[in-house]
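Engineer: Just passing along the structure, written as structure tokens.
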Amino acid sequence: MSKYEAVIGLEVHVELKTNTKLYCGCSTAFGKEPNTQVCPVCLGLPGSTGVLNRKAVELATKAGLALNCEIETYTWFDRKNYYYPDLPKGYQISQVFRPIAHNGYLDIEVDGRNKRIHIRRAHLEEDPGKLTHSGSSITTSHSSCVDYNRSGIPLIEIVSEPEISSGAEAKAYLEKLKAILEYAGVSDVKMEQGSLRCDANVSVRPLGTSTLGTKTEIKNMNSFRAVERAIEYEIERQIEVLEDGGEIIQETRGWDENKGITVAMRNKENPDYRCFMDQEIAHIELTPEWIEGVRATLPELPDARRKRLIEEHGLPAYDAEIITSSLDLAEFFDAVYAEFPDAKTISNWIMGELLRLLNARNMELFEAKVTPKYFAKLLELIKKGTISNKIGKEVFEQMFETGQDPERIVKDKGLVQISDEGQLASILTEVIAKNPKSVADFQSGKEQALGFLVGQVMKATKGQANPGLVNSMLRKMLSQNNSG
Amino acid sequence: MELTSLPIHQLHDLMVKKEISCLELTRAYLDRISQIEERIKAFLTVTAEEALEQARKIDEQRARGEKLSPLAGIPVAVKDDICTAGIKTTCASKILYNYIPPVDATVVKKLKEAGSIIVGKSNMDEFSMGSSTENSAFYPTRNPFDYDRAPGGSSGGSAAAVAAGEAAFALGSDTGGGIRQPAAFCGVIGLKPTYGRVSRSGLISHASSLDQIGPFTSDVRDLAQILNVICGPDSQDSISAQVDVPDFTQSLTVDIKGLRIGLPREYFGVGLDSRIRAQIQEAAYKLEELGAICEEVSLPHTEYAVTAHYIISCAEASSNLARYDGVRYGLRVDTEDVLSMFKKTRAQGFGSEVKRRIMLGTLNLSAFYYDTYYSEALKVRTLNRHDFARAFEKYDCLLTPASLTTAFKLGEKAEDPLAMYQSNVCTLPANLAGLPAMSLPFGTIEGMPVGLQLIARHFDEETLLKVGYALEQINFS
Amino acid sequence: MKITEKDVEQLATVSRLELTAEDVSAYTKYLNTALDYMDKLKKLDTSKVEPAQQVLPVKNVFREDTVEASLEKELALANAPEVEEGSFKVPRIVL
């Protein structure tokens with residue numbers, strides 16, 4: 001379609017799930033009053049000295065292992081020097097020369113094609129503080145305010161090889177990365193709280209060539225969808241520039257979500273960070289035994305889980321992909337399955353009803369009140385014929401909102417399916433009497449007339465009649481009428 | 001005898017015997033300060049009220065019959081690069097002219113727990129960059145032996161305070177000789193412990209891999225008492241040494257028979273005042289009389305070590321001083337935008353020597369020069385370490401001059417920053433290798449004290465104390 | 001001269017130091033002297049020498065992941081040149 005191909009690498013910052021910061025004991029809790037979770041270390045006060053958080057090293061190792069990386073047995077920290085008001089020490093303590101993890105990969109699937117994206121490195125570093133601008137944007141503000149609550153929060157930066165070729169692949173990479181890190185328990189990976197951030201390096205080159213084109217770095221993307229759109233836009237923009245005989249300028253560009261375009265950011269040239277080994281934080285030596293110990297704590301990861309759902313439960317690949325895309329959902333599936341071992345039915349209900357309601361209400365699974373136990377009970381009620389599928393959906397909505405026991409909902413609302421032939425017979429007789437034309441139509445061979453009559457019965461019973469039973473009883477009664 | 005000229009252990013005895021109270025002692029020191037400080041200028045801040053309040057508390061403890069620890073009630077001067085909660089800590093820089101730390105440095109906590117009375121914050125070269133205390137942004141300190149001469153630096157205020165009887169002991173910091181050279185100039189004892197032996201938490205960084213806090217005292221016994229208090233691992237300092245601390249007073253013995261002492265020939269070369277050379281030889285001779293074996297040894301990379309030290313210390317300083325940007329504390333020059341605020345604040349807040357070193361350090365770490373200078377300097381650091389390691393295979397301790405000259409005149413070297421740096425050739429190598437080293441007064445030349453230096457293996461401060469104690473006995477006899 | 005006045009101006013910007021014209025020429029002179037001095041290292045053959053890393057080897061010093069008290073907000077902001085609504089206020093950001 002195009003004479004060009006895109007070369008994309010992603011740099012993803014992920015906040016590690018620790019109680020305290022990387023080099024001090026201040027809390028990492030989100031959304032607290034500004035500058036209430038700070039101390040001499042994370043404020044960069046003169047003379048302050050930090051000590052490394054053991055849990056952060058464990059989680060970074062775990063993340064590296066989950067991403068199939070090699071873990072360095074000897075690492076240290078380096079200083080990345082630059083000035084910015086949110087950077088309290090005038091340098092960031094990071095791992096420049098020897099990242100804790102390198103040379104890993106993750107597999108994605110886009111349009112039915114599988115692709116392996118390699119991970120160059122993953123390293124530990126500290127987050128800077130947070131700036132708020134008085135005006136509507138950084139350029140129009142006459143002043144800004146700094147909150148250092150974020151300062152020192154442990155991050156891992158995960159750098160992919162430039163092996164991604166489209167916005168869709170980038171989105172798939174991020175979704176997989178998110179799922180893996182979530183499964184591994186190393187991060188909450190919530191983009192809206194800033195616990196996952198992504199920058200993209202994008203370049204294009206004529207198809208069939210191997211030298212890399214000049215790249216731009218895209219920032220300010222606040223959702224996976226935004227990453228996808230921004231990259232697609234940037235690829236088109238670069239191709240247009242080249243087609244017009246222009247040159248790509250190496251620069252940092254910001255994504256403007258409202259306008260749907262990338263814009264060059266002022267003064268964001270690539271500075272010389274003057275990196276050198278930090279002398280104030282002790283080095284890290286990890287033994288192979290310790291690393292294997294961390295590996296042993298890794299739970300089943302998305303790919304393995306997906307495979308299990310397909311191979312052991314016979315789910316279609318599409319269903320398995322969706323169910324394993326989030327740990328919560330996969331756990332929910334397993335919990336329902338433990339009580340109601342019919343994988344396809346569960347999957348249909350999860351994808352049909354549960355996800356529909358979550359999307360409609362813009363909610364996360366943990367916010368919904370329905371429990372796996374009641375979910376299974378509902379499916380059981382339908383299977384036994386206590387309620388119809390249709391009534392089941394109604395019951396489910398109520399369970400979703402209130403977390404109530406489906407049996408109780410059915411009982412309270414009198415939704416139990418009418419399967420008593422005696423009770424149904426009188427209703428049927430009445431419907432037959434009231435609809436002579438439809439009866440005649442059916443009897444003259446128009447099958448669809450039966451459907452109308454069933455519908456009338458359902459209406460008369462407020463949907464509670466067992467539709468299968470109504471159907472067969474009607475046939476029987478109408479053929480009797482006909483012959484008589 | 002004036003109280004302010006007695007060593008700590010005697011003051012302690014007087015308080016234990018109730019011949020003096022802590023309040024009397026503190027007042028004696030504060031009186032001495034008000035009498036002589038105008039001429040010495042050893043302090044940037046005198047904390048008279050706080051000191052008197054602490055003294056009363058110590059007296060109350062004593063009245064309750066509580067046992068006084070060896071440093072309880074003893075007045076101390078703390079260098080102004082060591083954080084003191086609620087007390088201004090400026091590093092003798094305009095950029096921190098109003099900075100009040102919210103917490104104490106670990107050493108200060110330890111001194112307070114031991115009951116020491118902080119009488120003030122002592123003057124220094126701005127951010128410890130200098131060897132004369134003339135680089136203080138506020139005023140120079142004068143040498144108590146000759147007011148026209150420098151007290152040395154960077155911890156010149158601490159050395160002068162002890163020499164002038166304004167404090168019974170003092171804390172300083174040593175990045176390239178910042179304790180030992182002023183101790184030599186002011187005729188007091190100064191010790192730079194092994195790197196990591198004393199917590200660096202709360203010490204305002206100049207060059208992180210070289211800085212070390214240490215004490216100034218008037219005798220070796222006092223030194224041992226102070227080391228007992230301030231040394232040891234600290235959970236706040238990631239790189240504080242996880243090494244057990246002995247009872248240093250056990251080293252106070254003149255038994256140095258069979259001890260092997262090396263005299264590195266590179267420390268006795270060009271630029272050394274021949275009279276100082278004679279003094280050190282005299283010391284070596286006396287030590288031999290006590291049974292030690294003194295021999296010449298070579299540390300071949302000494303000359304390069306000075307250059308490497310310069311490159312490394314400036315590089316680290318350029319990064320350590322990046323935090324002074326006017327956002328969170330200290331000086332801010334108000335402007336329209338952040339960039340010019342940073343530039344103006346730093347231009348006005350830092351003195352010229354500090355700015356020179358920031359510029360040079362920034363250059364050293366730049367991608368273009370990193371391999372040529374910084375990386376090479378780190379290699380020389382390795383060679384310097386090997387030099388010492390080889391020497392210590394054969395010798396228990398090294399004896400050198402602490403300075404090439406006695407105290408120079410104020411203003412004499414101020415114009416030539418590199419010459420000023422080079423004057424620390426005797427002290428810089430021990431910082432580069434992280435070794436413990438002490439400076440001890442040994443005689444005078446034209447009324448000015450001569451300092452000799454002892455360097456020992458990592459964590460072997462005990463040998464320094466032992467040899468120092470022996471030399472002290474020789475001095476007194 | 002290895003270092004030009006233009007280099008010095010750039011270094012000053014990187015170091016966030018505003019220099020006067022006089023400063024620039026003084027620093028240019030100083031930095032060139034310093035570089036000459038530092039060039040002394042070139043006399044040494046260091047091809048087989050490893051750069052020093054830590055002063056003394058210290059490794060695996062960790063803090064447990066337990067929350068400790070932060071500074072009181074007033075104390076955290078006590079030294080701030082300018083405060084607005086509990087935050088450190090800075091002028092317009094242009095870098």
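Chain labels run A, B, ... following the order of the structure tokens; each chain numbers its residues from 1, and ligands are numbered from 1 in the order shown.
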Specify as a VMD selection string all residues of chain A found within 7 Å of chain C, counting only C-alpha atoms.
Structural biologist: chain A and resid 18 to 20 25 to 27 34 to 39 51 to 55 138 141 to 147 267 279 282 to 285
Engineer: Give me, as number ranges by chain, the residues of chain B touching chain C, with the criterion being at most 8 Å (counting only C-alpha atoms).
Structural biologist: B: 98-100, 102, 195, 209, 238-239, 241, 304, 307-308, 311, 318, 322, 326-332, 335-344, 346-347, 355-356, 358-360, 362-363, 373, 375-383, 418, 432-434
Engineer: Identify every residue of chain A that has at least one atom within 6 Å of any atom of chain B, counting only C-alpha atoms, and report the result as a ChimeraX atom specification.
Structural biologist: /A:46-49,51,89-90,274,279,281-282
Engineer: Atoms to include: C-alpha atoms. Write the selected residues as a PDB file, in the first residue's frame.
Structural biologist:
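The new file result_28.pdb reads:
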```pdb
ATOM      1  CA  PRO A  46      21.774  19.337  51.109  1.00  0.00           C
ATOM      2  CA  GLY A  47      23.498  16.452  52.853  1.00  0.00           C
ATOM      3  CA  SER A  48      20.719  13.913  52.385  1.00  0.00           C
ATOM      4  CA  THR A  49      21.708  10.342  51.578  1.00  0.00           C
ATOM      5  CA  VAL A  51      19.274   3.913  50.789  1.00  0.00           C
ATOM      6  CA  LYS A  89      18.900  17.031  42.948  1.00  0.00           C
ATOM      7  CA  GLY A  90      19.693  18.342  39.478  1.00  0.00           C
ATOM      8  CA  ARG A 274      26.988  13.821  31.543  1.00  0.00           C
ATOM      9  CA  GLN A 279      28.986   7.100  44.507  1.00  0.00           C
ATOM     10  CA  ILE A 281      24.232   4.265  46.564  1.00  0.00           C
ATOM     11  CA  ALA A 282      25.769   0.863  47.261  1.00  0.00           C
TER      12      ALA A 282
END
```
Engineer: Using only C-alpha atoms, which residues sit within 7 Å of range 153-166 of chain B once same-chain residues fewer than 3 positions away are excluded, as a ChimeraX atom specification?
Structural biologist: /B:4-5,29,32-33,42-43,77-79,122-125,128-133,141,143-144,169-173,178-179,181-183,186-188,216-217
Engineer: Give the alpha helix (DSSP H) residues of range 2-87 of chain C, as DSSP finds them on the backbone, and put them as a VMD selection string.
Structural biologist: chain C and resid 5 to 14 21 to 38 73 to 77
